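See below for structure.cif, which holds mmCIF, C-alpha atoms.
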data_query
loop_
_atom_site.label_atom_id
_atom_site.label_comp_id
_atom_site.auth_asym_id
_atom_site.auth_seq_id
_atom_site.Cartn_x
_atom_site.Cartn_y
_atom_site.Cartn_z
CA MET A 1146 0.02 -55.55 -9.81
CA THR A 1147 -2.84 -55.80 -7.33
CA HIS A 1148 -0.47 -54.65 -4.61
CA LEU A 1149 0.62 -51.65 -6.71
CA LYS A 1150 -2.99 -50.66 -7.39
CA THR A 1151 -3.78 -50.88 -3.70
CA LEU A 1152 -0.74 -48.77 -2.84
CA ALA A 1153 -1.62 -46.16 -5.49
CA GLY A 1154 -5.17 -45.96 -4.20
CA ALA A 1155 -3.97 -45.52 -0.65
CA LEU A 1156 -1.61 -42.76 -1.71
CA ALA A 1157 -4.39 -40.97 -3.60
CA LEU A 1158 -6.67 -41.11 -0.59
CA SER A 1159 -3.82 -39.89 1.59
CA VAL A 1160 -3.24 -36.88 -0.68
CA LEU A 1161 -6.93 -36.03 -0.71
CA ALA A 1162 -7.10 -36.29 3.05
CA MET A 1163 -4.07 -34.06 3.43
CA ALA A 1164 -5.30 -31.29 1.06
CA PRO A 1165 -7.69 -29.55 3.47
CA ALA A 1166 -5.15 -29.86 6.28
CA ALA A 1167 -2.48 -28.25 4.11
CA ALA A 1168 -4.77 -25.32 3.37
CA GLN A 1169 -5.43 -24.96 7.08
CA GLN A 1170 -1.70 -24.85 7.88
CA TYR A 1171 -1.38 -21.20 6.83
CA PRO A 1172 0.53 -19.54 8.29
CA ASP A 1173 3.42 -21.87 9.09
CA HIS A 1174 6.08 -19.18 9.62
CA ALA A 1175 6.46 -15.49 10.42
CA ILE A 1176 4.57 -12.78 8.50
CA ASN A 1177 5.87 -9.33 7.58
CA LEU A 1178 3.54 -6.34 7.96
CA ILE A 1179 4.76 -3.33 5.99
CA VAL A 1180 3.84 0.11 7.33
CA PRO A 1181 4.47 2.84 4.70
CA TRP A 1182 4.94 5.53 7.35
CA ALA A 1183 7.47 6.30 10.07
CA ALA A 1184 7.54 4.80 13.54
CA GLY A 1185 5.67 6.81 16.15
CA GLY A 1186 2.83 8.06 13.96
CA GLY A 1187 -0.81 7.03 13.95
CA THR A 1188 -0.45 4.48 11.15
CA ASP A 1189 2.51 2.89 12.91
CA ALA A 1190 0.68 2.78 16.25
CA THR A 1191 -2.49 1.24 14.84
CA GLY A 1192 -0.49 -1.13 12.65
CA ARG A 1193 1.43 -2.42 15.66
CA ILE A 1194 -1.66 -3.14 17.76
CA VAL A 1195 -3.19 -4.97 14.78
CA ALA A 1196 0.03 -6.97 14.40
CA THR A 1197 0.08 -7.88 18.09
CA LEU A 1198 -3.51 -9.11 18.02
CA LEU A 1199 -3.15 -10.89 14.66
CA GLU A 1200 -0.23 -12.85 16.13
CA LYS A 1201 -2.61 -14.26 18.73
CA GLU A 1202 -5.19 -15.20 16.10
CA LEU A 1203 -2.77 -16.69 13.57
CA GLY A 1204 -0.28 -18.26 15.94
CA GLN A 1205 2.81 -16.89 14.18
CA PRO A 1206 5.05 -13.85 14.76
CA ILE A 1207 4.26 -10.73 12.76
CA ASN A 1208 7.20 -8.44 12.06
CA VAL A 1209 6.29 -4.78 11.60
CA ILE A 1210 8.53 -3.14 9.00
CA ASN A 1211 8.44 0.64 8.51
CA ARG A 1212 9.18 1.26 4.84
CA THR A 1213 9.07 5.04 4.45
CA GLY A 1214 9.68 7.50 1.65
CA GLY A 1215 7.95 9.29 -1.18
CA GLY A 1216 4.89 10.26 0.84
CA GLY A 1217 4.07 6.61 1.46
CA ILE A 1218 4.78 5.49 -2.11
CA VAL A 1219 7.84 3.38 -1.21
CA GLY A 1220 5.97 1.22 1.29
CA HIS A 1221 2.78 0.96 -0.73
CA THR A 1222 4.81 -0.10 -3.78
CA GLU A 1223 6.65 -2.80 -1.84
CA ILE A 1224 3.36 -4.22 -0.57
CA SER A 1225 1.91 -4.41 -4.08
CA TYR A 1226 5.00 -6.06 -5.60
CA SER A 1227 5.53 -8.68 -2.88
CA PRO A 1228 4.66 -12.35 -3.49
CA PRO A 1229 0.90 -12.94 -2.98
CA ASP A 1230 1.43 -15.80 -0.53
CA GLY A 1231 0.07 -14.26 2.66
CA TYR A 1232 3.49 -13.75 4.22
CA THR A 1233 3.72 -10.07 3.27
CA LEU A 1234 0.83 -7.86 4.31
CA GLY A 1235 0.60 -4.12 4.61
CA VAL A 1236 -1.23 -1.24 6.20
CA ILE A 1237 -2.57 0.77 3.27
CA THR A 1238 -3.75 4.33 3.86
CA THR A 1239 -5.71 7.27 2.50
CA GLU A 1240 -2.86 8.45 0.33
CA LEU A 1241 -3.48 5.49 -1.96
CA SER A 1242 -6.55 7.42 -3.15
CA MET A 1243 -4.34 10.30 -4.31
CA TYR A 1244 -1.27 8.95 -6.08
CA HIS A 1245 -2.66 8.23 -9.52
CA TRP A 1246 -4.78 11.39 -9.56
CA THR A 1247 -1.75 13.60 -8.90
CA GLY A 1248 0.48 11.65 -11.27
CA VAL A 1249 3.14 10.73 -8.71
CA SER A 1250 2.52 6.97 -9.04
CA PRO A 1251 0.14 4.69 -10.95
CA LEU A 1252 -0.72 2.86 -7.72
CA ASN A 1253 -4.39 2.66 -6.76
CA PHE A 1254 -6.74 0.41 -4.80
CA SER A 1255 -6.95 -2.13 -7.65
CA ASN A 1256 -3.31 -3.12 -7.07
CA TYR A 1257 -4.15 -4.81 -3.75
CA GLU A 1258 -6.17 -7.63 -2.26
CA PRO A 1259 -8.21 -5.97 0.48
CA ILE A 1260 -8.45 -7.85 3.77
CA ALA A 1261 -10.19 -5.41 6.13
CA LEU A 1262 -10.64 -1.74 6.85
CA PHE A 1263 -10.09 -1.12 10.57
CA ASN A 1264 -9.93 2.67 11.00
CA ALA A 1265 -11.47 5.72 9.38
CA ASP A 1266 -11.59 9.21 10.84
CA PRO A 1267 -13.47 11.83 8.82
CA GLU A 1268 -12.16 15.31 8.30
CA ALA A 1269 -14.07 17.90 10.33
CA VAL A 1270 -14.33 21.68 10.02
CA PHE A 1271 -13.21 23.66 13.07
CA VAL A 1272 -13.44 27.35 14.00
CA ARG A 1273 -12.54 29.23 17.17
CA ALA A 1274 -14.84 28.62 20.11
CA ASP A 1275 -16.51 31.99 19.46
CA GLY A 1276 -16.58 31.45 15.71
CA PRO A 1277 -19.55 31.43 13.31
CA SER A 1278 -21.89 28.61 12.32
CA ILE A 1279 -21.12 26.69 9.15
CA GLU A 1280 -23.91 28.53 7.32
CA ASP A 1281 -22.56 31.94 8.34
CA LEU A 1282 -19.02 30.88 7.49
CA LEU A 1283 -19.98 29.90 3.95
CA SER A 1284 -22.05 33.06 3.57
CA GLU A 1285 -18.98 35.14 4.47
CA ILE A 1286 -16.90 33.31 1.87
CA ARG A 1287 -19.51 33.93 -0.81
CA ALA A 1288 -19.89 37.60 0.11
CA ASN A 1289 -16.19 38.37 0.59
CA PRO A 1290 -13.93 35.97 -1.36
CA GLY A 1291 -10.48 35.79 0.17
CA SER A 1292 -11.54 37.00 3.63
CA VAL A 1293 -11.60 33.48 5.09
CA LYS A 1294 -8.32 31.56 5.18
CA ALA A 1295 -8.12 27.88 6.04
CA SER A 1296 -5.42 25.37 6.96
CA GLY A 1297 -4.89 21.90 8.36
CA ALA A 1298 -1.66 20.61 6.82
CA ASN A 1299 0.11 20.59 3.46
CA LEU A 1300 -1.28 21.66 0.10
CA GLY A 1301 -3.07 18.74 -1.55
CA GLY A 1302 -3.21 16.65 1.62
CA MET A 1303 -6.32 15.08 3.07
CA ALA A 1304 -7.17 18.11 5.21
CA HIS A 1305 -6.94 20.41 2.20
CA LEU A 1306 -9.13 18.11 0.13
CA GLY A 1307 -11.63 17.80 2.95
CA TRP A 1308 -12.07 21.59 2.95
CA ALA A 1309 -12.16 21.83 -0.84
CA GLY A 1310 -14.90 19.24 -0.95
CA VAL A 1311 -17.06 21.21 1.48
CA LEU A 1312 -16.73 24.27 -0.75
CA VAL A 1313 -17.24 22.50 -4.08
CA THR A 1314 -20.32 20.63 -2.93
CA ASN A 1315 -21.80 23.98 -1.91
CA ASP A 1316 -21.02 25.63 -5.26
CA ILE A 1317 -18.12 27.70 -3.96
CA ASP A 1318 -14.82 28.01 -5.80
CA PRO A 1319 -12.06 26.74 -3.43
CA ALA A 1320 -9.99 29.81 -4.40
CA ALA A 1321 -12.54 31.95 -2.55
CA ALA A 1322 -11.22 30.61 0.78
CA PRO A 1323 -7.43 30.29 0.30
CA TRP A 1324 -5.52 27.39 1.83
CA VAL A 1325 -2.52 28.26 4.01
CA PRO A 1326 -0.05 25.31 4.06
CA SER A 1327 1.26 24.36 7.49
CA GLU A 1328 3.36 21.70 9.19
CA GLY A 1329 0.28 19.78 10.27
CA ALA A 1330 -2.85 19.83 12.37
CA SER A 1331 -1.20 21.00 15.58
CA ALA A 1332 0.42 24.03 13.93
CA SER A 1333 -2.81 24.87 12.10
CA LEU A 1334 -4.91 24.71 15.26
CA GLN A 1335 -2.50 27.11 16.97
CA LEU A 1336 -2.91 29.52 14.06
CA LEU A 1337 -6.67 29.19 14.42
CA ALA A 1338 -6.63 29.85 18.17
CA SER A 1339 -4.44 32.93 17.64
CA GLY A 1340 -6.79 34.36 15.00
CA ALA A 1341 -4.26 34.14 12.16
CA ILE A 1342 -6.68 31.96 10.14
CA SER A 1343 -10.42 31.35 10.33
CA VAL A 1344 -10.84 27.62 9.65
CA VAL A 1345 -9.03 24.34 10.19
CA THR A 1346 -9.95 20.98 8.72
CA THR A 1347 -8.52 17.96 10.47
CA THR A 1348 -9.76 14.84 12.24
CA MET A 1349 -11.41 14.76 15.65
CA PRO A 1350 -8.49 12.86 17.26
CA ASP A 1351 -6.08 15.59 16.13
CA ALA A 1352 -8.26 18.42 17.44
CA ARG A 1353 -9.53 16.74 20.61
CA PRO A 1354 -7.10 18.44 23.06
CA MET A 1355 -8.06 21.95 21.89
CA VAL A 1356 -11.75 21.08 21.73
CA ASP A 1357 -11.59 19.81 25.31
CA ALA A 1358 -9.71 22.98 26.31
CA GLY A 1359 -12.55 25.08 24.90
CA GLU A 1360 -10.36 26.86 22.35
CA VAL A 1361 -11.92 25.52 19.14
CA LYS A 1362 -15.19 23.86 18.14
CA PRO A 1363 -16.22 21.52 15.33
CA LEU A 1364 -18.96 22.65 12.95
CA ILE A 1365 -19.46 19.60 10.74
CA VAL A 1366 -17.87 16.25 9.98
CA ALA A 1367 -17.29 15.21 6.38
CA ALA A 1368 -18.74 11.77 7.00
CA ASN A 1369 -21.58 9.56 5.85
CA GLU A 1370 -22.91 9.43 9.41
CA ARG A 1371 -22.18 11.04 12.76
CA VAL A 1372 -19.08 9.82 14.54
CA ALA A 1373 -18.88 8.35 18.03
CA ALA A 1374 -16.08 10.76 18.99
CA ALA A 1375 -18.42 13.73 18.43
CA PRO A 1376 -22.03 12.52 18.36
CA ASP A 1377 -23.47 16.06 18.57
CA VAL A 1378 -21.64 17.30 15.48
CA PRO A 1379 -23.75 17.07 12.30
CA THR A 1380 -22.54 15.64 9.02
CA ALA A 1381 -22.09 17.95 6.03
CA GLU A 1382 -25.30 16.58 4.56
CA GLU A 1383 -27.28 17.18 7.75
CA ALA A 1384 -26.04 20.75 8.17
CA LEU A 1385 -25.89 21.89 4.56
CA GLY A 1386 -27.90 19.43 2.51
CA SER A 1387 -24.79 18.60 0.46
CA LYS A 1388 -23.39 15.08 0.67
CA TRP A 1389 -19.64 15.02 1.19
CA ALA A 1390 -17.36 12.54 2.95
CA ALA A 1391 -13.58 12.67 3.32
CA TYR A 1392 -11.86 10.11 5.52
CA ALA A 1393 -8.35 9.49 6.70
CA TRP A 1394 -8.44 5.69 6.64
CA ARG A 1395 -6.28 2.64 7.31
CA GLY A 1396 -6.72 -1.00 6.43
CA ILE A 1397 -4.92 -4.30 5.97
CA ALA A 1398 -4.24 -5.53 2.44
CA ALA A 1399 -2.10 -8.05 0.60
CA PRO A 1400 -0.58 -8.15 -2.89
CA LYS A 1401 -3.06 -8.91 -5.68
CA GLY A 1402 -3.55 -12.60 -6.35
CA LEU A 1403 -3.76 -13.86 -2.77
CA PRO A 1404 -5.19 -17.42 -2.66
CA ASP A 1405 -8.83 -17.53 -1.56
CA ASP A 1406 -8.19 -19.82 1.43
CA VAL A 1407 -5.46 -17.53 2.75
CA LYS A 1408 -7.62 -14.46 2.23
CA ALA A 1409 -10.47 -16.12 4.13
CA ARG A 1410 -8.12 -17.04 7.01
CA LEU A 1411 -6.84 -13.47 7.26
CA SER A 1412 -10.31 -11.96 6.94
CA ASP A 1413 -11.65 -14.13 9.75
CA ALA A 1414 -8.67 -13.21 11.93
CA MET A 1415 -9.10 -9.47 11.30
CA ALA A 1416 -12.78 -9.65 12.20
CA LYS A 1417 -11.80 -11.11 15.58
CA VAL A 1418 -9.06 -8.50 16.05
CA VAL A 1419 -11.43 -5.58 15.52
CA GLU A 1420 -14.03 -7.13 17.83
CA SER A 1421 -11.53 -7.68 20.64
CA GLN A 1422 -11.77 -5.53 23.74
CA GLU A 1423 -8.03 -4.90 23.63
CA PHE A 1424 -8.32 -3.30 20.19
CA LYS A 1425 -11.37 -1.26 21.18
CA ASP A 1426 -9.64 0.03 24.31
CA PHE A 1427 -6.48 0.95 22.39
CA MET A 1428 -8.40 2.89 19.75
CA ALA A 1429 -10.61 4.65 22.31
CA GLN A 1430 -7.64 5.76 24.41
CA ARG A 1431 -6.11 7.43 21.37
CA ASN A 1432 -9.39 8.76 19.93
CA PHE A 1433 -9.06 6.71 16.73
CA GLY A 1434 -12.33 5.78 15.11
CA ILE A 1435 -13.06 2.10 14.50
CA ASP A 1436 -14.61 1.49 11.10
CA TYR A 1437 -14.59 -2.19 10.21
CA ARG A 1438 -15.34 -3.38 6.67
CA ASP A 1439 -14.72 -6.91 5.47
CA ALA A 1440 -12.84 -7.57 2.24
CA ALA A 1441 -15.78 -6.77 -0.05
CA GLY A 1442 -16.82 -3.77 2.00
CA PHE A 1443 -13.27 -2.44 2.07
CA ALA A 1444 -12.99 -2.76 -1.71
CA ALA A 1445 -16.21 -0.75 -2.18
CA PHE A 1446 -15.04 1.83 0.37
CA MET A 1447 -11.76 2.38 -1.48
CA GLU A 1448 -13.53 2.70 -4.82
CA ASP A 1449 -15.81 5.42 -3.39
CA ALA A 1450 -12.87 7.17 -1.70
CA ASP A 1451 -10.92 7.17 -4.96
CA ALA A 1452 -13.77 8.91 -6.80
CA SER A 1453 -14.32 11.49 -4.03
CA ILE A 1454 -10.63 12.34 -3.75
CA GLY A 1455 -10.39 12.68 -7.51
CA GLN A 1456 -13.27 15.16 -7.49
CA ALA A 1457 -11.60 17.24 -4.78
CA LEU A 1458 -8.17 17.18 -6.45
CA GLN A 1459 -9.69 18.31 -9.72
CA ALA A 1460 -11.49 21.13 -7.91
CA VAL A 1461 -8.24 22.51 -6.48
CA GLY A 1462 -6.33 22.03 -9.73
CA LEU A 1463 -3.99 19.30 -8.47
CA ALA A 1464 -5.23 16.39 -10.59
CA LYS A 1465 -3.12 15.50 -13.62
#

Could you render the structure as structure tokens?
Amino acid sequence: MTHLKTLAGALALSVLAMAPAAAQQYPDHAINLIVPWAAGGGTDATGRIVATLLEKELGQPINVINRTGGGGIVGHTEISYSPPDGYTLGVITTELSMYHWTGVSPLNFSNYEPIALFNADPEAVFVRADGPSIEDLLSEIRANPGSVKASGANLGGMAHLGWAGVLVTNDIDPAAAPWVPSEGASASLQLLASGAISVVTTTMPDARPMVDAGEVKPLIVAANERVAAAPDVPTAEEALGSKWAAYAWRGIAAPKGLPDDVKARLSDAMAKVVESQEFKDFMAQRNFGIDYRDAAGFAAFMEDADASIGQALQAVGLAK
């Protein structure tokens, strides 16, 4: 009996000693990183550099899986419904702020366990190089509704909402400056340069080639603070006294219910990834803005983005 008690005690101590080690073993096999957008795009590119650097931090392979369809809904849905064990992660994007407002999916930020925001590029307002100031542009819209046409991408996309927000926060009906749908930022900027439209809203990385060529100029950024890619361009609040921010953003998240120890391991690893020189160089070369928020900061960021996007969608009549 004494021998059995001794053996039981030894086993109990062994289990207790092993518990912290077991928690530290994550990950012990490969991780899948779901990207809800096609290969070759900005989300795919940034997702792949994050995966490469996370592999070094976590010591396990990370398989990037492009799960496309439904305007990002297919991939975002798969991320949210995967087991919350840390072996399926995902790159979640701006569009998550739109789905439930437009009625295309009930998905929203609360369906995920945020790990870290790593990129956010604000929408900016561009005119031709010889175009008006932002004050004169808005004055023209007020005086002659319909005379100013804008574009940037599809109807109801982030560029459209970025423009609508500028108007709404300055007490202008978005219908007074009609939106012309296009195939994306590049096509819209060509229309702007040719004089077919007066305004384009898009991100600084998208417009950088034409800004550098002297064909277009940014008037304001819809951001909470000035951006490193264009430090001389004022925010909407600085230029107009009206606070408005609209970001195209990307971050790493997991399914809801991720164990705390796994979340902490991933959060620590992402902090090191974003601080690495390799990540900074990659983002700078492609003009992507680095905006790091830890798990709590990312959660608050998404909550704010959800409210802002909802306001803009309601203003343009696209909210359900």

Quiz item: Nearest to Tyr1392 of chain A: which of A:Pro1267, A:Pro1206, A:Gly1231, A:Gly1462 is it, counting only C-alpha atoms?
Solution: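 Smallest separation from Tyr1392 of chain A among the options: A:Pro1267.
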
Quiz item: If we count all atoms listed in the file, what is near Val1378 of chain A at a cut-off of 7 Å, once residues fewer than 4 positions away on the same chain are taken out, given as an MDAnalysis selection string?
Solution: chainID A and resid 1363:1366 1371

Expected file: the selected residues, C-alpha atoms, as a tab-separated table (two decimals), in the frame of the given file:
chain	number	residue	atom	x	y	z
A	1363	PRO	CA	-16.22	21.52	15.33
A	1364	LEU	CA	-18.96	22.65	12.95
A	1365	ILE	CA	-19.46	19.60	10.74
A	1366	VAL	CA	-17.87	16.25	9.98
A	1371	ARG	CA	-22.18	11.04	12.76

Matched chain/residue IDs from the PyMOL selection byres ((chain A and resi 1255) around 12), as a PDB file with C-alpha atoms, keeping the file's coordinate frame:
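After the write, result_28.pdb holds the following:
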ATOM      1  CA  SER A1225       1.910  -4.410  -4.080  1.00  0.00           C
ATOM      2  CA  LEU A1241      -3.480   5.490  -1.960  1.00  0.00           C
ATOM      3  CA  SER A1242      -6.550   7.420  -3.150  1.00  0.00           C
ATOM      4  CA  HIS A1245      -2.660   8.230  -9.520  1.00  0.00           C
ATOM      5  CA  PRO A1251       0.140   4.690 -10.950  1.00  0.00           C
ATOM      6  CA  LEU A1252      -0.720   2.860  -7.720  1.00  0.00           C
ATOM      7  CA  ASN A1253      -4.390   2.660  -6.760  1.00  0.00           C
ATOM      8  CA  PHE A1254      -6.740   0.410  -4.800  1.00  0.00           C
ATOM      9  CA  ASN A1256      -3.310  -3.120  -7.070  1.00  0.00           C
ATOM     10  CA  TYR A1257      -4.150  -4.810  -3.750  1.00  0.00           C
ATOM     11  CA  GLU A1258      -6.170  -7.630  -2.260  1.00  0.00           C
ATOM     12  CA  PRO A1259      -8.210  -5.970   0.480  1.00  0.00           C
ATOM     13  CA  ALA A1398      -4.240  -5.530   2.440  1.00  0.00           C
ATOM     14  CA  ALA A1399      -2.100  -8.050   0.600  1.00  0.00           C
ATOM     15  CA  PRO A1400      -0.580  -8.150  -2.890  1.00  0.00           C
ATOM     16  CA  LYS A1401      -3.060  -8.910  -5.680  1.00  0.00           C
ATOM     17  CA  GLY A1402      -3.550 -12.600  -6.350  1.00  0.00           C
ATOM     18  CA  PHE A1443     -13.270  -2.440   2.070  1.00  0.00           C
ATOM     19  CA  ALA A1444     -12.990  -2.760  -1.710  1.00  0.00           C
ATOM     20  CA  ALA A1445     -16.210  -0.750  -2.180  1.00  0.00           C
ATOM     21  CA  MET A1447     -11.760   2.380  -1.480  1.00  0.00           C
ATOM     22  CA  GLU A1448     -13.530   2.700  -4.820  1.00  0.00           C
ATOM     23  CA  ASP A1451     -10.920   7.170  -4.960  1.00  0.00           C
TER      24      ASP A1451
END

Quiz prompt | Pairwise distance for atom CA of Trp1182 of chain A and atom CA of Thr1213 of chain A, rounded to one decimal in Å | solution = 5.1 Å

Practice problem: Find the distance between atom CA of Ser1292 of chain A and atom CA of Asp1318 of chain A and write it in Å to one decimal. | Solution: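 We find that atom CA of Ser1292 of chain A and atom CA of Asp1318 of chain A lie 13.4 Å from each other.
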
Quiz item: Just how far from atom CA of Ser1453 of chain A is atom CA of Leu1334 of chain A, in Å to one decimal?
Solution: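 Separation of atom CA of Leu1334 of chain A and atom CA of Ser1453 of chain A: 25.2 Å.
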
Self-check item: Spatial neighbours of Tyr1437 of chain A, 8 Å, all atoms listed in the file, chain gap at least 4 places, as JSON, numbers by chain
Solution: {"A": [1261, 1262, 1263, 1264, 1416, 1419]}

Practice problem: Compile the contact shell of Gln1430 of chain A as a list in words: residues with an atom at most 12 Å away, counting all atoms listed in the file, same-chain residues fewer than 5 positions apart removed. | Solution: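 Contacts, with the query itself left out: Thr1191, Pro1350, Arg1353, Ala1374, Glu1423, Phe1424, Lys1425 and Ile1435 of chain A.
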
Can those selected residues be exported to a file as an mmCIF file, in the coordinates of the input so that it contains C-alpha atoms?
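Output below, filename result.cif:
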data_model
loop_
_atom_site.group_PDB
_atom_site.id
_atom_site.type_symbol
_atom_site.label_atom_id
_atom_site.label_comp_id
_atom_site.auth_asym_id
_atom_site.auth_seq_id
_atom_site.Cartn_x
_atom_site.Cartn_y
_atom_site.Cartn_z
ATOM 1 C CA THR A 1191 -2.490 1.240 14.840
ATOM 2 C CA PRO A 1350 -8.490 12.860 17.260
ATOM 3 C CA ARG A 1353 -9.530 16.740 20.610
ATOM 4 C CA ALA A 1374 -16.080 10.760 18.990
ATOM 5 C CA GLU A 1423 -8.030 -4.900 23.630
ATOM 6 C CA PHE A 1424 -8.320 -3.300 20.190
ATOM 7 C CA LYS A 1425 -11.370 -1.260 21.180
ATOM 8 C CA ILE A 1435 -13.060 2.100 14.500
#

Kindly extract all protein, DNA and RNA residues lying within 8 Å of the coordinates (-5.4, 5.9, 3.6) given in the file, considering all atoms listed in the file, and supply them as a CSV table (one decimal) with C-alpha atoms, in the coordinates of the input.
chain,number,residue,atom,x,y,z
A,1237,ILE,CA,-2.6,0.8,3.3
A,1238,THR,CA,-3.8,4.3,3.9
A,1239,THR,CA,-5.7,7.3,2.5
A,1240,GLU,CA,-2.9,8.4,0.3
A,1241,LEU,CA,-3.5,5.5,-2.0
A,1242,SER,CA,-6.6,7.4,-3.2
A,1392,TYR,CA,-11.9,10.1,5.5
A,1393,ALA,CA,-8.4,9.5,6.7
A,1394,TRP,CA,-8.4,5.7,6.6
A,1395,ARG,CA,-6.3,2.6,7.3
A,1396,GLY,CA,-6.7,-1.0,6.4

Quiz prompt | Residues selected by the PyMOL selection byres ((chain A and resi 1203) around 9), written as a list in words | solution =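 With the shown file as input, the PyMOL selection byres ((chain A and resi 1203) around 9) matches Tyr1171, Pro1172, Leu1198, Leu1199, Glu1200, Lys1201, Glu1202, Gly1204, Gln1205, Pro1206, Arg1410, Leu1411 and Ala1414 of chain A.
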
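Using all atoms listed in the file for every distance, the candidate list A:Thr1314, A:Leu1282, A:Ala1409, A:Ala1269 yields A:Ala1409 as the residue closest to Asp1439 of chain A.
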
Self-check item: Answer as a PyMOL selection string, residues within 6 Å of (2.7, 21.9, 2.3) using only C-alpha atoms
Solution: chain A and resi 1299-1300+1326-1327

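Shortest atom-to-atom contact with Pro1323 of chain A among A:Val1293, A:Ala1373, A:Val1361, A:Leu1403: A:Val1293, counting all atoms listed in the file.
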